[in-house]
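Enquirer: Mind looking over this structure? Questions follow.
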Amino acid sequence: MIRDCRLPKQSDDTVKIVRSVHVAVGYYPARFPYRIALGFMGWLGGASRVLDPFVGSGVACTAARLWGHECVGFDINPFARLLARVSSSTLSSRDEEALARALRGLESYRGPGWRPRWGNVEYWHPPVVLEALERLWGYIHSLGDDRELYVCILKVALARVSRLFSYADPEIPKLYRGRGLEKLEALLHGRPPSAIEDLIVGRLRERVSRIVRALREYTRLRPRGPAPRLDELDLAREPLPQGLAGVDAVFTSPPYLAAHEYTRSTKLELYWLGYSDKEVRALRNKEIPYGPVEPYRVESPTFERLEEDIASRAPRLLALYRRYFWALARAFDEIARLGPPIIALFVGPATIASIPVPIHAILAEHLSTRGYTPLCRSVSAIRARKLFRRRNNSNPNGIQEETLIILSRKP
Ligand SMILES: C[S@@+](CC[C@H](N)C(=O)[O-])C[C@H]1O[C@@H](n2cnc3c(N)ncnc32)[C@H](O)[C@@H]1O
């Protein structure tokens, strides 16, 4: 029996501020629960180097900085990395001035517009909205330097607003028309084009102010850790970079089998940020468990037992099951090779054709053959988190609880 993890209690105010930063920058599927991320970072104690190789929108880094840790994050998805960059940033008066200047520049911008390299763009935005968005993105892309925080804030804010002014159903993360069409048509009804552009710019300003207010609060907490390092890495296929020594802990939440579709959920944003159809397809081909991967040895009796079960009860899903665990076993071997004293995993108990798949248990078994032993575990019920649901899902209630399991390297 593994004992319960006793993570230090977090002040409600700190949790609220971290949440407000992430809510302000915009939705990303299956984020870490803020209290758990903060609790883990507190549990770690003195300043450490923390790695999240599936960093997503960066909750690990937002929390790590507050406890004085250095955070290194990798993800294949550039929109996720942009969200992570903004939400783990402190805001200086110089940033605020640059942002105010940029918003003034937007009013008088008469330069070229910018249209995404996306075959379907006209299917997702009505012409009048497309024209306004093209002008706004033309301006933002002309600002250039992505390392500047004000540019990143404008991009995440306009990406959010571009989705609001699309036909995408707001209730469904992946691009799906559904109720989005009616909603947008009702919003635009009877307004002349200039009023529509004003409306869009108004929403952009509101979104920017919301991000600024949230980052001011975060900055007031005086995060002691340095700004995180965030890079692109495909952990299903690539090695961790050389020179990533001295990692004290890995804290991560890999995809939960096929519970979410990160590329499809962020497609619209990726196109407006400048990625082409071809690049978005390539990203999808890297995403676990959708892209092809080389067979890899998964050292887990539970994995093998379920492999047989799925082969006989749901043979069509066997390839997905294997791809998923081949990719993760490879990824966690890379991580184990770094030799961090602690590896903490946060995952939900996914199912394949109603067969429960205990991801954390399979990964823990695999990691035990690499010298890691479970230290403690904590199970949390999912209450308010928005989870991706498939229509015709044979598990209509979706995932009901998630598990944090902390493993330590055997002495
Ligand atoms: C559960 S999410 C992480 C969410 C994150 N904990 C947060 O707080 O936002 C899993 C992440 O794995 C990423 N991912 C999927 N396949 C990957 C791969 N091959 N290499 C690296 N990252 C990948 C997805 O883009 C997604 O952001």
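FYI, nothing fancy with the structure tokens labels: chains A, B, ... in order, residues from 1 per chain, ligands from 1 as they appear.
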List the neighbours of Ser253 of chain A out to 9 Å using only C-alpha atoms; skip same-chain residues closer than 3 positions along the sequence, and give me the result as JSON, numbers by chain.
Expert: {"A": [30, 31, 32, 52, 53, 54, 55, 56, 256, 344, 345, 346, 347]}
Enquirer: Within 10 Å of Leu66 of chain A, counting only C-alpha atoms, which residues qualify if same-chain residues fewer than 6 places away don't, as a ChimeraX atom specification?
Expert: /A:14,18,38,41-42,88,218-219,221-226
Enquirer: Could you jot down the atom CA of Glu402 of chain A to atom 26 (C, counted along the ligand's line) of ligand 1 separation for me, Å, one decimal place?
Expert: 16.1 Å
Enquirer: Taking only C-alpha atoms and all ligand atoms into account, report as a ChimeraX atom specification which residues have an atom no farther than 7 Å from an atom of ligand 1.
Expert: /A:28-32,53-60,74-77,80,233-237,252-256,262-263,286-288
Enquirer: Smallest atom-to-atom distance to Arg229 of chain A: which of A:Ile362, A:Leu244, A:Cys71, A:Val129, using only C-alpha atoms?
Expert: A:Cys71
Enquirer: How many Å separate atom CA of Glu131 of chain A from atom CA of Lys183 of chain A?
Expert: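 Interatomic distance, atom CA of Glu131 of chain A to atom CA of Lys183 of chain A: 19.2 Å.
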Enquirer: Using DSSP assignments from the backbone, pull out every residue in segment 88-233 of chain A that falls under alpha helix (DSSP H) and give it to me as a PDB file with C-alpha atoms, in the first residue's frame.
Expert:
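Saved to states-v3.pdb:
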ATOM      1  CA  SER A  93       6.451  48.892 -15.790  1.00  0.00           C
ATOM      2  CA  ARG A  94       8.497  48.759 -19.003  1.00  0.00           C
ATOM      3  CA  ASP A  95       6.310  45.883 -20.234  1.00  0.00           C
ATOM      4  CA  GLU A  96       3.167  47.798 -19.358  1.00  0.00           C
ATOM      5  CA  GLU A  97       4.385  50.905 -21.214  1.00  0.00           C
ATOM      6  CA  ALA A  98       5.284  48.823 -24.285  1.00  0.00           C
ATOM      7  CA  LEU A  99       1.843  47.238 -24.210  1.00  0.00           C
ATOM      8  CA  ALA A 100       0.064  50.604 -23.923  1.00  0.00           C
ATOM      9  CA  ARG A 101       2.174  51.973 -26.823  1.00  0.00           C
ATOM     10  CA  ALA A 102       1.381  48.925 -28.946  1.00  0.00           C
ATOM     11  CA  LEU A 103      -2.347  49.264 -28.307  1.00  0.00           C
ATOM     12  CA  ARG A 104      -2.206  52.949 -29.358  1.00  0.00           C
ATOM     13  CA  GLY A 105      -0.317  51.907 -32.508  1.00  0.00           C
ATOM     14  CA  LEU A 106      -3.084  49.464 -33.320  1.00  0.00           C
ATOM     15  CA  GLU A 107      -5.637  52.273 -33.738  1.00  0.00           C
ATOM     16  CA  SER A 108      -3.599  54.046 -36.404  1.00  0.00           C
ATOM     17  CA  VAL A 121     -10.155  30.092 -42.907  1.00  0.00           C
ATOM     18  CA  GLU A 122     -13.298  31.315 -44.691  1.00  0.00           C
ATOM     19  CA  TYR A 123     -15.304  28.430 -43.286  1.00  0.00           C
ATOM     20  CA  TRP A 124     -14.524  29.511 -39.739  1.00  0.00           C
ATOM     21  CA  PRO A 127     -15.984  37.840 -44.252  1.00  0.00           C
ATOM     22  CA  VAL A 128     -16.514  40.963 -42.160  1.00  0.00           C
ATOM     23  CA  VAL A 129     -14.748  39.416 -39.151  1.00  0.00           C
ATOM     24  CA  LEU A 130     -11.986  38.019 -41.320  1.00  0.00           C
ATOM     25  CA  GLU A 131     -11.257  41.479 -42.688  1.00  0.00           C
ATOM     26  CA  ALA A 132     -10.970  42.971 -39.201  1.00  0.00           C
ATOM     27  CA  LEU A 133      -8.861  40.085 -37.882  1.00  0.00           C
ATOM     28  CA  GLU A 134      -6.537  40.343 -40.870  1.00  0.00           C
ATOM     29  CA  ARG A 135      -5.826  43.988 -40.056  1.00  0.00           C
ATOM     30  CA  LEU A 136      -5.259  43.262 -36.348  1.00  0.00           C
ATOM     31  CA  TRP A 137      -3.014  40.265 -36.975  1.00  0.00           C
ATOM     32  CA  GLY A 138      -1.205  42.249 -39.697  1.00  0.00           C
ATOM     33  CA  TYR A 139      -0.296  44.756 -37.023  1.00  0.00           C
ATOM     34  CA  ILE A 140       0.665  42.200 -34.389  1.00  0.00           C
ATOM     35  CA  HIS A 141       2.812  40.175 -36.772  1.00  0.00           C
ATOM     36  CA  SER A 142       4.529  43.413 -37.832  1.00  0.00           C
ATOM     37  CA  LEU A 149       6.477  39.913 -23.297  1.00  0.00           C
ATOM     38  CA  TYR A 150       4.125  42.593 -24.661  1.00  0.00           C
ATOM     39  CA  VAL A 151       4.097  40.898 -28.085  1.00  0.00           C
ATOM     40  CA  CYS A 152       3.363  37.522 -26.473  1.00  0.00           C
ATOM     41  CA  ILE A 153       0.509  39.027 -24.427  1.00  0.00           C
ATOM     42  CA  LEU A 154      -1.012  40.604 -27.538  1.00  0.00           C
ATOM     43  CA  LYS A 155      -0.756  37.302 -29.387  1.00  0.00           C
ATOM     44  CA  VAL A 156      -2.448  35.182 -26.734  1.00  0.00           C
ATOM     45  CA  ALA A 157      -5.141  37.840 -26.285  1.00  0.00           C
ATOM     46  CA  LEU A 158      -5.864  38.137 -30.010  1.00  0.00           C
ATOM     47  CA  ALA A 159      -5.778  34.347 -30.427  1.00  0.00           C
ATOM     48  CA  ARG A 160      -8.500  34.128 -27.782  1.00  0.00           C
ATOM     49  CA  VAL A 161     -10.553  36.868 -29.408  1.00  0.00           C
ATOM     50  CA  SER A 162     -10.125  35.271 -32.858  1.00  0.00           C
ATOM     51  CA  ARG A 163     -11.730  32.109 -31.486  1.00  0.00           C
ATOM     52  CA  LEU A 164     -14.567  34.100 -29.894  1.00  0.00           C
ATOM     53  CA  GLY A 180     -20.831  28.674 -32.457  1.00  0.00           C
ATOM     54  CA  LEU A 181     -22.524  29.626 -35.705  1.00  0.00           C
ATOM     55  CA  GLU A 182     -25.769  30.833 -34.100  1.00  0.00           C
ATOM     56  CA  LYS A 183     -23.901  32.601 -31.310  1.00  0.00           C
ATOM     57  CA  LEU A 184     -21.666  34.574 -33.620  1.00  0.00           C
ATOM     58  CA  GLU A 185     -24.474  35.456 -36.000  1.00  0.00           C
ATOM     59  CA  ALA A 186     -26.546  36.787 -33.101  1.00  0.00           C
ATOM     60  CA  LEU A 187     -23.590  38.878 -31.911  1.00  0.00           C
ATOM     61  CA  LEU A 188     -22.951  40.409 -35.328  1.00  0.00           C
ATOM     62  CA  PRO A 193     -18.515  46.517 -40.421  1.00  0.00           C
ATOM     63  CA  SER A 194     -16.923  49.437 -38.557  1.00  0.00           C
ATOM     64  CA  ALA A 195     -18.942  48.589 -35.429  1.00  0.00           C
ATOM     65  CA  ILE A 196     -17.869  44.963 -35.746  1.00  0.00           C
ATOM     66  CA  GLU A 197     -14.220  45.939 -35.884  1.00  0.00           C
ATOM     67  CA  ASP A 198     -14.737  48.199 -32.832  1.00  0.00           C
ATOM     68  CA  LEU A 199     -16.350  45.293 -31.034  1.00  0.00           C
ATOM     69  CA  ILE A 200     -13.390  43.026 -31.784  1.00  0.00           C
ATOM     70  CA  VAL A 201     -10.857  45.658 -30.729  1.00  0.00           C
ATOM     71  CA  GLY A 202     -12.895  46.259 -27.554  1.00  0.00           C
ATOM     72  CA  ARG A 203     -12.755  42.548 -26.694  1.00  0.00           C
ATOM     73  CA  LEU A 204      -9.021  42.511 -27.388  1.00  0.00           C
ATOM     74  CA  ARG A 205      -8.467  45.428 -25.016  1.00  0.00           C
ATOM     75  CA  GLU A 206     -10.570  43.743 -22.334  1.00  0.00           C
ATOM     76  CA  ARG A 207      -8.599  40.524 -22.688  1.00  0.00           C
ATOM     77  CA  VAL A 208      -5.260  42.357 -22.519  1.00  0.00           C
ATOM     78  CA  SER A 209      -6.379  44.248 -19.380  1.00  0.00           C
ATOM     79  CA  ARG A 210      -7.432  40.991 -17.778  1.00  0.00           C
ATOM     80  CA  ILE A 211      -4.032  39.423 -18.448  1.00  0.00           C
ATOM     81  CA  VAL A 212      -2.252  42.535 -17.177  1.00  0.00           C
ATOM     82  CA  ARG A 213      -4.291  42.591 -13.949  1.00  0.00           C
ATOM     83  CA  ALA A 214      -3.590  38.896 -13.333  1.00  0.00           C
ATOM     84  CA  LEU A 215       0.143  39.230 -14.049  1.00  0.00           C
ATOM     85  CA  ARG A 216       0.389  42.276 -11.761  1.00  0.00           C
ATOM     86  CA  GLU A 217      -1.011  40.133  -8.930  1.00  0.00           C
ATOM     87  CA  TYR A 218       1.393  37.316  -9.784  1.00  0.00           C
ATOM     88  CA  THR A 219       4.304  39.779  -9.831  1.00  0.00           C
ATOM     89  CA  ARG A 220       3.210  41.069  -6.413  1.00  0.00           C
TER      90      ARG A 220
END
Enquirer: Counting only C-alpha atoms, which of A:Ile335, A:Arg3, A:Ala249, A:Arg19 gets nearest to Gly46 of chain A?
Expert: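 That would be A:Ala249, the residue with the smallest distance to Gly46 of chain A.
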Enquirer: What lies within 7 Å of Ala350 of chain A using only C-alpha atoms, ignoring chain neighbours under 3 positions off, as a list in words?
Expert: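 Contacts, in chain order: Tyr256, Leu257, Pro356, Val357, Pro358 and Ile399 of chain A.
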Enquirer: Just how far from atom CA of Ser87 of chain A is atom CA of Val23 of chain A, in Å to one decimal?
Expert: 9.4 Å
Enquirer: With distances taken over only C-alpha atoms, which residue among A:Arg284, A:His360, A:His366, A:His22 lies nearest Thr266 of chain A?
Expert: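 Smallest distance to Thr266 of chain A is found for A:Arg284.
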Enquirer: For Tyr290 of chain A, list every protein, DNA or RNA residue within 12 Å, evaluated using only C-alpha atoms, and leave out those in the same chain fewer than 6 positions away; present the list as JSON, numbers by chain.
Expert: {"A": [236, 255, 256, 257, 258, 259, 260, 261, 262, 263, 264, 281, 282, 283, 284, 317, 319, 320, 321, 322, 323, 324, 325, 326, 327]}
Enquirer: Measuring between only C-alpha atoms, which one of A:Arg191, A:Asp277, A:Tyr27, A:Ile310 shows the shortest distance to Ile352 of chain A?
Expert: A:Ile310
Enquirer: Hey, which of A:Trp67, A:Phe165, A:Tyr176, A:Trp114 ends up closest to Ser48 of chain A? Count only C-alpha atoms.
Expert: A:Trp67
Enquirer: I'd like the contact shell of Arg313 of chain A - 9 Å cut-off, only C-alpha atoms, skipping same-chain residues fewer than 4 positions apart - returned as a short mmCIF file (atom, residue, chain, number, x, y, z; two decimals) with C-alpha atoms, in the first residue's frame.
Expert:
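File written: around_21.cif
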data_model
loop_
_atom_site.label_atom_id
_atom_site.label_comp_id
_atom_site.auth_asym_id
_atom_site.auth_seq_id
_atom_site.Cartn_x
_atom_site.Cartn_y
_atom_site.Cartn_z
CA GLU A 308 -3.99 -9.20 -24.48
CA ASP A 309 -7.33 -8.02 -23.22
CA ALA A 353 -13.47 0.52 -25.11
CA ILE A 355 -11.50 -1.32 -20.32
#
